[in-house]
file upload.cif (mmCIF, N, CA and C atoms)
data_model
#
loop_
_atom_site.label_atom_id
_atom_site.label_comp_id
_atom_site.auth_asym_id
_atom_site.auth_seq_id
_atom_site.Cartn_x
_atom_site.Cartn_y
_atom_site.Cartn_z
N MET A 16 27.21 -2.73 -6.25
CA MET A 16 25.76 -2.66 -6.33
C MET A 16 25.27 -3.45 -7.53
N ALA A 17 24.27 -4.25 -7.35
CA ALA A 17 23.73 -5.05 -8.46
C ALA A 17 22.95 -4.15 -9.41
N ASN A 18 23.11 -4.40 -10.70
CA ASN A 18 22.33 -3.61 -11.66
C ASN A 18 21.17 -4.44 -12.20
N ALA A 19 20.40 -3.85 -13.08
CA ALA A 19 19.21 -4.54 -13.62
C ALA A 19 19.60 -5.82 -14.36
N ALA A 20 20.81 -5.87 -14.89
CA ALA A 20 21.23 -7.03 -15.68
C ALA A 20 21.36 -8.28 -14.82
N SER A 21 21.59 -8.09 -13.54
CA SER A 21 21.83 -9.27 -12.70
C SER A 21 20.63 -10.21 -12.67
N GLY A 22 19.43 -9.70 -12.95
CA GLY A 22 18.25 -10.54 -12.95
C GLY A 22 17.90 -11.11 -14.31
N MET A 23 18.66 -10.75 -15.34
CA MET A 23 18.34 -11.15 -16.70
C MET A 23 19.17 -12.37 -17.08
N ALA A 24 18.57 -13.53 -17.05
CA ALA A 24 19.27 -14.76 -17.39
C ALA A 24 19.42 -14.88 -18.90
N VAL A 25 20.32 -15.75 -19.31
CA VAL A 25 20.50 -16.02 -20.73
C VAL A 25 20.11 -17.47 -20.97
N ASN A 26 19.10 -17.67 -21.80
CA ASN A 26 18.64 -19.02 -22.12
C ASN A 26 19.79 -19.81 -22.76
N ASP A 27 19.95 -21.08 -22.37
CA ASP A 27 21.03 -21.91 -22.92
C ASP A 27 20.98 -22.01 -24.43
N ASP A 28 19.79 -21.94 -24.99
CA ASP A 28 19.63 -22.02 -26.44
C ASP A 28 20.40 -20.90 -27.15
N CYS A 29 20.49 -19.74 -26.51
CA CYS A 29 21.23 -18.61 -27.10
C CYS A 29 22.68 -19.01 -27.32
N LYS A 30 23.28 -19.62 -26.29
CA LYS A 30 24.69 -20.02 -26.38
C LYS A 30 24.87 -21.15 -27.39
N LEU A 31 23.95 -22.10 -27.37
CA LEU A 31 24.06 -23.24 -28.29
C LEU A 31 23.97 -22.79 -29.75
N LYS A 32 23.01 -21.94 -30.05
CA LYS A 32 22.84 -21.47 -31.43
C LYS A 32 24.04 -20.63 -31.86
N PHE A 33 24.56 -19.81 -30.94
CA PHE A 33 25.74 -19.00 -31.26
C PHE A 33 26.93 -19.91 -31.59
N LEU A 34 27.12 -20.96 -30.79
CA LEU A 34 28.23 -21.89 -31.05
C LEU A 34 28.06 -22.57 -32.40
N GLU A 35 26.82 -22.90 -32.75
CA GLU A 35 26.57 -23.51 -34.06
C GLU A 35 26.91 -22.54 -35.19
N LEU A 36 26.55 -21.27 -35.01
CA LEU A 36 26.88 -20.26 -36.02
C LEU A 36 28.39 -20.12 -36.14
N LYS A 37 29.06 -20.04 -34.99
CA LYS A 37 30.50 -19.81 -34.98
C LYS A 37 31.30 -21.00 -35.52
N ALA A 38 30.98 -22.18 -35.04
CA ALA A 38 31.78 -23.36 -35.37
C ALA A 38 31.35 -24.04 -36.67
N LYS A 39 30.06 -24.16 -36.87
CA LYS A 39 29.56 -24.93 -38.01
C LYS A 39 28.99 -24.06 -39.11
N ARG A 40 28.84 -22.75 -38.83
CA ARG A 40 28.26 -21.81 -39.80
C ARG A 40 26.86 -22.27 -40.23
N THR A 41 26.11 -22.77 -39.26
CA THR A 41 24.76 -23.27 -39.49
C THR A 41 23.78 -22.16 -39.82
N TYR A 42 24.07 -20.95 -39.34
CA TYR A 42 23.17 -19.80 -39.54
C TYR A 42 23.95 -18.61 -40.07
N ARG A 43 23.26 -17.73 -40.78
CA ARG A 43 23.84 -16.46 -41.21
C ARG A 43 23.70 -15.43 -40.11
N PHE A 44 22.55 -15.49 -39.41
CA PHE A 44 22.34 -14.54 -38.32
C PHE A 44 21.41 -15.14 -37.27
N ILE A 45 21.44 -14.51 -36.08
CA ILE A 45 20.55 -14.88 -34.99
C ILE A 45 20.02 -13.58 -34.39
N VAL A 46 18.72 -13.52 -34.18
CA VAL A 46 18.12 -12.37 -33.51
C VAL A 46 17.65 -12.84 -32.13
N PHE A 47 18.04 -12.08 -31.12
CA PHE A 47 17.68 -12.40 -29.73
C PHE A 47 16.76 -11.32 -29.18
N LYS A 48 15.86 -11.72 -28.27
CA LYS A 48 15.03 -10.73 -27.61
C LYS A 48 14.97 -11.03 -26.12
N ILE A 49 14.67 -10.00 -25.36
CA ILE A 49 14.50 -10.19 -23.93
C ILE A 49 13.03 -10.50 -23.69
N ASP A 50 12.78 -11.64 -23.09
CA ASP A 50 11.42 -11.99 -22.70
C ASP A 50 11.23 -11.48 -21.27
N GLU A 51 10.45 -10.41 -21.14
CA GLU A 51 10.31 -9.77 -19.83
C GLU A 51 9.59 -10.65 -18.82
N LYS A 52 8.68 -11.50 -19.28
CA LYS A 52 7.97 -12.40 -18.35
C LYS A 52 8.91 -13.47 -17.81
N LEU A 53 9.71 -14.03 -18.70
CA LEU A 53 10.65 -15.08 -18.29
C LEU A 53 11.91 -14.50 -17.65
N LYS A 54 12.13 -13.20 -17.81
CA LYS A 54 13.33 -12.52 -17.32
C LYS A 54 14.59 -13.15 -17.89
N GLN A 55 14.55 -13.41 -19.19
CA GLN A 55 15.75 -13.94 -19.82
C GLN A 55 15.82 -13.58 -21.30
N VAL A 56 17.03 -13.68 -21.83
CA VAL A 56 17.27 -13.45 -23.26
C VAL A 56 17.01 -14.78 -23.97
N ILE A 57 16.20 -14.72 -25.04
CA ILE A 57 15.87 -15.93 -25.79
C ILE A 57 16.14 -15.72 -27.28
N VAL A 58 16.24 -16.82 -28.02
CA VAL A 58 16.40 -16.75 -29.47
C VAL A 58 15.04 -16.43 -30.09
N GLU A 59 15.00 -15.40 -30.93
CA GLU A 59 13.74 -15.06 -31.60
C GLU A 59 13.72 -15.58 -33.03
N LYS A 60 14.85 -15.46 -33.74
CA LYS A 60 14.87 -15.86 -35.15
C LYS A 60 16.25 -16.36 -35.54
N LEU A 61 16.26 -17.40 -36.36
CA LEU A 61 17.51 -17.93 -36.92
C LEU A 61 17.48 -17.73 -38.42
N GLY A 62 18.55 -17.17 -38.96
CA GLY A 62 18.64 -16.95 -40.40
C GLY A 62 19.46 -18.02 -41.06
N GLU A 63 18.91 -18.64 -42.07
CA GLU A 63 19.62 -19.70 -42.81
C GLU A 63 20.88 -19.13 -43.47
N PRO A 64 21.90 -19.98 -43.71
CA PRO A 64 23.17 -19.51 -44.26
C PRO A 64 23.05 -18.81 -45.62
N ASN A 65 22.01 -19.13 -46.38
CA ASN A 65 21.88 -18.54 -47.72
C ASN A 65 21.19 -17.18 -47.71
N LEU A 66 20.75 -16.70 -46.54
CA LEU A 66 20.06 -15.42 -46.48
C LEU A 66 21.05 -14.26 -46.58
N THR A 67 20.55 -13.10 -47.00
CA THR A 67 21.40 -11.93 -47.23
C THR A 67 21.35 -10.95 -46.06
N TYR A 68 22.16 -9.92 -46.16
CA TYR A 68 22.15 -8.89 -45.12
C TYR A 68 20.81 -8.16 -45.09
N ASP A 69 20.21 -8.00 -46.27
CA ASP A 69 18.88 -7.38 -46.33
C ASP A 69 17.83 -8.22 -45.59
N ASP A 70 17.93 -9.53 -45.74
CA ASP A 70 17.02 -10.43 -45.00
C ASP A 70 17.20 -10.23 -43.50
N PHE A 71 18.47 -10.09 -43.10
CA PHE A 71 18.77 -9.88 -41.69
C PHE A 71 18.15 -8.58 -41.17
N THR A 72 18.41 -7.47 -41.85
CA THR A 72 17.89 -6.19 -41.37
C THR A 72 16.36 -6.17 -41.38
N ALA A 73 15.76 -6.88 -42.34
CA ALA A 73 14.29 -6.95 -42.40
C ALA A 73 13.71 -7.73 -41.22
N SER A 74 14.52 -8.57 -40.60
CA SER A 74 14.01 -9.37 -39.47
C SER A 74 14.06 -8.62 -38.14
N LEU A 75 14.65 -7.42 -38.14
CA LEU A 75 14.68 -6.62 -36.92
C LEU A 75 13.45 -5.72 -36.88
N PRO A 76 12.72 -5.72 -35.77
CA PRO A 76 11.51 -4.88 -35.70
C PRO A 76 11.88 -3.39 -35.74
N THR A 77 11.02 -2.58 -36.35
CA THR A 77 11.34 -1.16 -36.51
C THR A 77 11.21 -0.37 -35.22
N ASN A 78 10.41 -0.86 -34.26
CA ASN A 78 10.21 -0.06 -33.05
C ASN A 78 10.41 -0.86 -31.76
N GLU A 79 11.22 -1.92 -31.82
CA GLU A 79 11.54 -2.69 -30.62
C GLU A 79 13.02 -3.01 -30.61
N CYS A 80 13.60 -3.04 -29.43
CA CYS A 80 15.03 -3.36 -29.27
C CYS A 80 15.27 -4.86 -29.47
N ARG A 81 16.47 -5.18 -29.93
CA ARG A 81 16.90 -6.56 -30.07
C ARG A 81 18.42 -6.62 -29.97
N TYR A 82 18.92 -7.82 -29.70
CA TYR A 82 20.34 -8.11 -29.89
C TYR A 82 20.41 -9.00 -31.12
N ALA A 83 21.51 -8.89 -31.84
CA ALA A 83 21.64 -9.75 -33.02
C ALA A 83 23.11 -10.12 -33.24
N ILE A 84 23.29 -11.27 -33.84
CA ILE A 84 24.61 -11.73 -34.27
C ILE A 84 24.52 -11.90 -35.78
N TYR A 85 25.51 -11.37 -36.49
CA TYR A 85 25.54 -11.53 -37.94
C TYR A 85 26.93 -12.02 -38.35
N ASP A 86 26.96 -13.08 -39.14
CA ASP A 86 28.21 -13.65 -39.64
C ASP A 86 28.46 -13.05 -41.03
N PHE A 87 29.40 -12.12 -41.08
CA PHE A 87 29.64 -11.36 -42.32
C PHE A 87 30.82 -11.93 -43.09
N ASP A 88 30.56 -12.38 -44.31
CA ASP A 88 31.62 -12.88 -45.20
C ASP A 88 32.11 -11.74 -46.08
N PHE A 89 33.42 -11.68 -46.28
CA PHE A 89 33.96 -10.65 -47.16
C PHE A 89 35.30 -11.11 -47.73
N VAL A 90 35.78 -10.38 -48.74
CA VAL A 90 37.05 -10.69 -49.37
C VAL A 90 37.99 -9.51 -49.09
N THR A 91 39.18 -9.82 -48.60
CA THR A 91 40.14 -8.76 -48.27
C THR A 91 40.79 -8.22 -49.55
N GLU A 92 41.57 -7.14 -49.39
CA GLU A 92 42.28 -6.57 -50.55
C GLU A 92 43.27 -7.57 -51.13
N GLU A 93 43.75 -8.49 -50.28
CA GLU A 93 44.68 -9.54 -50.74
C GLU A 93 43.93 -10.71 -51.36
N ASN A 94 42.61 -10.54 -51.55
CA ASN A 94 41.75 -11.56 -52.16
C ASN A 94 41.59 -12.81 -51.29
N CYS A 95 41.59 -12.62 -49.97
CA CYS A 95 41.36 -13.73 -49.04
C CYS A 95 39.91 -13.71 -48.59
N GLN A 96 39.30 -14.88 -48.56
CA GLN A 96 37.93 -15.02 -48.07
C GLN A 96 37.97 -15.04 -46.54
N LYS A 97 37.24 -14.12 -45.91
CA LYS A 97 37.22 -14.06 -44.45
C LYS A 97 35.79 -13.86 -43.96
N SER A 98 35.62 -14.01 -42.65
CA SER A 98 34.33 -13.69 -42.05
C SER A 98 34.56 -13.10 -40.68
N LYS A 99 33.64 -12.25 -40.25
CA LYS A 99 33.69 -11.64 -38.93
C LYS A 99 32.32 -11.79 -38.30
N ILE A 100 32.32 -12.06 -37.00
CA ILE A 100 31.06 -12.19 -36.28
C ILE A 100 30.75 -10.87 -35.60
N PHE A 101 29.64 -10.27 -36.01
CA PHE A 101 29.20 -8.99 -35.49
C PHE A 101 28.15 -9.18 -34.41
N PHE A 102 28.28 -8.39 -33.34
CA PHE A 102 27.22 -8.29 -32.34
C PHE A 102 26.58 -6.93 -32.56
N ILE A 103 25.28 -6.91 -32.78
CA ILE A 103 24.58 -5.65 -33.01
C ILE A 103 23.54 -5.44 -31.92
N ALA A 104 23.66 -4.31 -31.26
CA ALA A 104 22.67 -3.91 -30.26
C ALA A 104 21.72 -2.96 -30.97
N TRP A 105 20.54 -3.44 -31.31
CA TRP A 105 19.54 -2.68 -32.06
C TRP A 105 18.61 -2.01 -31.06
N SER A 106 18.64 -0.69 -31.05
CA SER A 106 17.84 0.08 -30.09
C SER A 106 17.25 1.29 -30.81
N PRO A 107 16.20 1.06 -31.60
CA PRO A 107 15.66 2.16 -32.41
C PRO A 107 15.10 3.30 -31.55
N ASP A 108 15.23 4.51 -32.07
CA ASP A 108 14.74 5.71 -31.37
C ASP A 108 13.27 5.58 -31.00
N THR A 109 12.51 4.84 -31.82
CA THR A 109 11.05 4.74 -31.62
C THR A 109 10.65 3.69 -30.57
N SER A 110 11.62 2.95 -30.03
CA SER A 110 11.26 1.93 -29.04
C SER A 110 11.00 2.58 -27.67
N ARG A 111 10.32 1.81 -26.80
CA ARG A 111 9.98 2.32 -25.46
C ARG A 111 11.24 2.58 -24.64
N VAL A 112 11.20 3.62 -23.83
CA VAL A 112 12.34 3.98 -22.99
C VAL A 112 12.71 2.81 -22.07
N ARG A 113 11.71 2.17 -21.47
CA ARG A 113 11.96 1.04 -20.57
C ARG A 113 12.70 -0.08 -21.30
N SER A 114 12.28 -0.32 -22.53
CA SER A 114 12.92 -1.36 -23.33
C SER A 114 14.38 -1.00 -23.61
N LYS A 115 14.63 0.24 -23.99
CA LYS A 115 16.01 0.68 -24.27
C LYS A 115 16.89 0.50 -23.03
N MET A 116 16.34 0.87 -21.87
CA MET A 116 17.11 0.76 -20.63
C MET A 116 17.40 -0.70 -20.30
N LEU A 117 16.41 -1.56 -20.48
CA LEU A 117 16.56 -2.98 -20.19
C LEU A 117 17.64 -3.61 -21.08
N TYR A 118 17.58 -3.31 -22.38
CA TYR A 118 18.57 -3.86 -23.31
C TYR A 118 19.96 -3.30 -23.03
N ALA A 119 20.04 -2.00 -22.73
CA ALA A 119 21.34 -1.38 -22.45
C ALA A 119 21.98 -1.98 -21.20
N SER A 120 21.17 -2.19 -20.17
CA SER A 120 21.72 -2.68 -18.90
C SER A 120 22.04 -4.18 -18.95
N SER A 121 21.48 -4.90 -19.88
CA SER A 121 21.70 -6.35 -19.97
C SER A 121 22.75 -6.73 -21.01
N LYS A 122 23.14 -5.76 -21.83
CA LYS A 122 24.00 -6.06 -22.99
C LYS A 122 25.34 -6.69 -22.62
N ASP A 123 26.06 -6.11 -21.67
CA ASP A 123 27.41 -6.61 -21.39
C ASP A 123 27.39 -8.04 -20.85
N ARG A 124 26.44 -8.31 -19.97
CA ARG A 124 26.35 -9.67 -19.44
C ARG A 124 26.02 -10.66 -20.56
N PHE A 125 25.09 -10.28 -21.43
CA PHE A 125 24.72 -11.16 -22.54
C PHE A 125 25.92 -11.41 -23.46
N LYS A 126 26.63 -10.34 -23.79
CA LYS A 126 27.79 -10.48 -24.67
C LYS A 126 28.85 -11.40 -24.09
N ARG A 127 29.05 -11.35 -22.78
CA ARG A 127 30.05 -12.22 -22.14
C ARG A 127 29.71 -13.70 -22.32
N GLU A 128 28.43 -14.00 -22.48
CA GLU A 128 28.00 -15.39 -22.66
C GLU A 128 28.34 -15.92 -24.06
N LEU A 129 28.55 -15.01 -25.00
CA LEU A 129 28.81 -15.40 -26.39
C LEU A 129 30.28 -15.17 -26.70
N ASP A 130 31.07 -16.21 -26.56
CA ASP A 130 32.51 -16.08 -26.75
C ASP A 130 32.86 -16.20 -28.23
N GLY A 131 33.43 -15.15 -28.79
CA GLY A 131 33.82 -15.20 -30.20
C GLY A 131 33.30 -14.03 -31.01
N ILE A 132 32.68 -13.07 -30.34
CA ILE A 132 32.23 -11.85 -31.05
C ILE A 132 33.47 -11.05 -31.42
N GLN A 133 33.52 -10.59 -32.68
CA GLN A 133 34.70 -9.87 -33.14
C GLN A 133 34.48 -8.37 -33.29
N VAL A 134 33.25 -7.98 -33.62
CA VAL A 134 32.96 -6.56 -33.80
C VAL A 134 31.62 -6.26 -33.14
N GLU A 135 31.54 -5.12 -32.44
CA GLU A 135 30.27 -4.73 -31.83
C GLU A 135 29.78 -3.44 -32.47
N LEU A 136 28.49 -3.39 -32.74
CA LEU A 136 27.84 -2.19 -33.29
C LEU A 136 26.65 -1.84 -32.42
N GLN A 137 26.44 -0.56 -32.23
CA GLN A 137 25.24 -0.06 -31.56
C GLN A 137 24.48 0.71 -32.63
N ALA A 138 23.22 0.40 -32.85
CA ALA A 138 22.47 1.08 -33.90
C ALA A 138 21.11 1.56 -33.39
N THR A 139 20.78 2.81 -33.71
CA THR A 139 19.47 3.35 -33.32
C THR A 139 18.58 3.57 -34.53
N ASP A 140 19.18 3.49 -35.73
CA ASP A 140 18.39 3.51 -36.96
C ASP A 140 19.15 2.73 -38.03
N PRO A 141 18.45 2.31 -39.11
CA PRO A 141 19.07 1.41 -40.09
C PRO A 141 20.36 1.93 -40.72
N THR A 142 20.53 3.25 -40.82
CA THR A 142 21.75 3.78 -41.46
C THR A 142 22.99 3.49 -40.62
N GLU A 143 22.82 3.33 -39.31
CA GLU A 143 23.97 3.07 -38.45
C GLU A 143 24.46 1.63 -38.53
N MET A 144 23.70 0.79 -39.24
CA MET A 144 24.15 -0.59 -39.43
C MET A 144 24.00 -1.02 -40.89
N GLY A 145 24.15 -0.05 -41.79
CA GLY A 145 24.08 -0.35 -43.21
C GLY A 145 25.23 -1.25 -43.63
N LEU A 146 25.11 -1.87 -44.77
CA LEU A 146 26.14 -2.79 -45.27
C LEU A 146 27.49 -2.08 -45.41
N ASP A 147 27.46 -0.79 -45.77
CA ASP A 147 28.72 -0.03 -45.89
C ASP A 147 29.42 0.10 -44.54
N VAL A 148 28.62 0.29 -43.46
CA VAL A 148 29.17 0.39 -42.10
C VAL A 148 29.79 -0.95 -41.71
N ILE A 149 29.05 -2.03 -41.99
CA ILE A 149 29.53 -3.39 -41.68
C ILE A 149 30.86 -3.65 -42.42
N ARG A 150 30.88 -3.34 -43.72
CA ARG A 150 32.12 -3.54 -44.49
C ARG A 150 33.28 -2.75 -43.91
N GLY A 151 33.00 -1.50 -43.54
CA GLY A 151 34.05 -0.65 -42.99
C GLY A 151 34.60 -1.18 -41.68
N ARG A 152 33.75 -1.74 -40.84
CA ARG A 152 34.18 -2.26 -39.54
C ARG A 152 34.82 -3.64 -39.65
N ALA A 153 34.57 -4.35 -40.74
CA ALA A 153 35.10 -5.71 -40.88
C ALA A 153 36.59 -5.71 -41.18
N ASN A 154 37.06 -4.71 -41.89
CA ASN A 154 38.49 -4.69 -42.28
C ASN A 154 39.39 -4.19 -41.19
#
call {"tool": "encode", "arguments": {"input": "upload.cif", "output": "structure tokens"}}
result
Amino acid sequence: MANAASGMAVNDDCKLKFLELKAKRTYRFIVFKIDEKLKQVIVEKLGEPNLTYDDFTASLPTNECRYAIYDFDFVTEENCQKSKIFFIAWSPDTSRVRSKMLYASSKDRFKRELDGIQVELQATDPTEMGLDVIRGRAN
């Protein structure tokens, strides 16, 4: 049986920008939104490489769902510089039920389009995606 995701296309720009983040590290983060009129996932915001995690979290709306990719740099206990690409499904408790359902049903198809995601997080409030959570999941 086809689900709601089958009608939600992924704009090519989403894949292109993700590849640029992954291969060239052109961006620190990308925020994606579902455009209900166009019936597709589109790029909403690109974060420059010099931006911080706080800049990233500030770019997520407090009462609307989004998908996001964050390129997290960290140093291991062995003092190695590493990075992990996080996929964050942002679905705040205050967002509309229809919106939550739309994002939930489209998430897996969207994620399959972005090859190279290393860690996935689901967050309904800022504490579920705090920097401490990100650090803990990166190792």
call {"tool": "resolve_selection", "arguments": {"input": "upload.cif", "expression": "the PyMOL selection byres (((chain A and resi 60 and name CA) around 12) and name CA)", "output": "list in words"}}
result
Asp28, Cys29, Lys32, Phe33, Tyr42, Arg43, Phe44, Ile45, Val46, Phe47, Lys48, Ile57, Val58, Glu59, Leu61, Gly62, Glu63, Asp70, Phe71, Thr72, Ala73, Ser74, Leu75, Pro76, Arg81, Tyr82, Ala83, Ile84 and Tyr85 of chain A
call {"tool": "select_by_dssp", "arguments": {"input": "upload.cif", "residues": "chain A", "states": "strand (DSSP E)", "output": "MDAnalysis selection string"}}
result
chainID A and resid 24:25 44:50 55:62 81:90 96:105 134:138
call {"tool": "resolve_selection", "arguments": {"input": "upload.cif", "expression": "the PyMOL selection byres (((chain A and resi 125 and name CA) around 12) and name CA)", "output": "number ranges by chain"}}
result
A: 20-27, 29-30, 33, 47-49, 55-57, 81-84, 102-104, 117-124, 126-130, 132
call {"tool": "atom_distance", "arguments": {"input": "upload.cif", "atom1": "atom C of Gly131 of chain A", "atom2": "atom CA of Lys115 of chain A"}}
result
23.7 Å
call {"tool": "resolve_selection", "arguments": {"input": "upload.cif", "expression": "the PyMOL selection byres ((chain A and resi 138-150) around 6.5)", "output": "PyMOL selection string"}}
result
chain A and resi 103-108+136-137+151-154
call {"tool": "atom_distance", "arguments": {"input": "upload.cif", "atom1": "atom CA of Met116 of chain A", "atom2": "atom N of Cys80 of chain A"}}
result
10.2 Å
call {"tool": "atom_distance", "arguments": {"input": "upload.cif", "atom1": "atom N of Arg111 of chain A", "atom2": "atom N of Thr77 of chain A"}}
result
10.5 Å
call {"tool": "select_by_dssp", "arguments": {"input": "upload.cif", "residues": "segment 37-110 of chain A", "states": "alpha helix (DSSP H)", "output": "list of chain:residue names"}}
result
A:Tyr68, A:Asp69, A:Asp70, A:Phe71, A:Thr72, A:Ala73
call {"tool": "closest_residue", "arguments": {"input": "upload.cif", "among": "A:Ile100, A:Tyr68, A:Asp50, A:Asp88", "to": "Leu34 of chain A", "atoms": "only C-alpha atoms"}}
result
A:Ile100
call {"tool": "closest_residue", "arguments": {"input": "upload.cif", "among": "A:Val90, A:Asp69, A:Ser114, A:Pro64", "to": "Arg40 of chain A", "atoms": "all atoms listed in the file"}}
result
A:Pro64
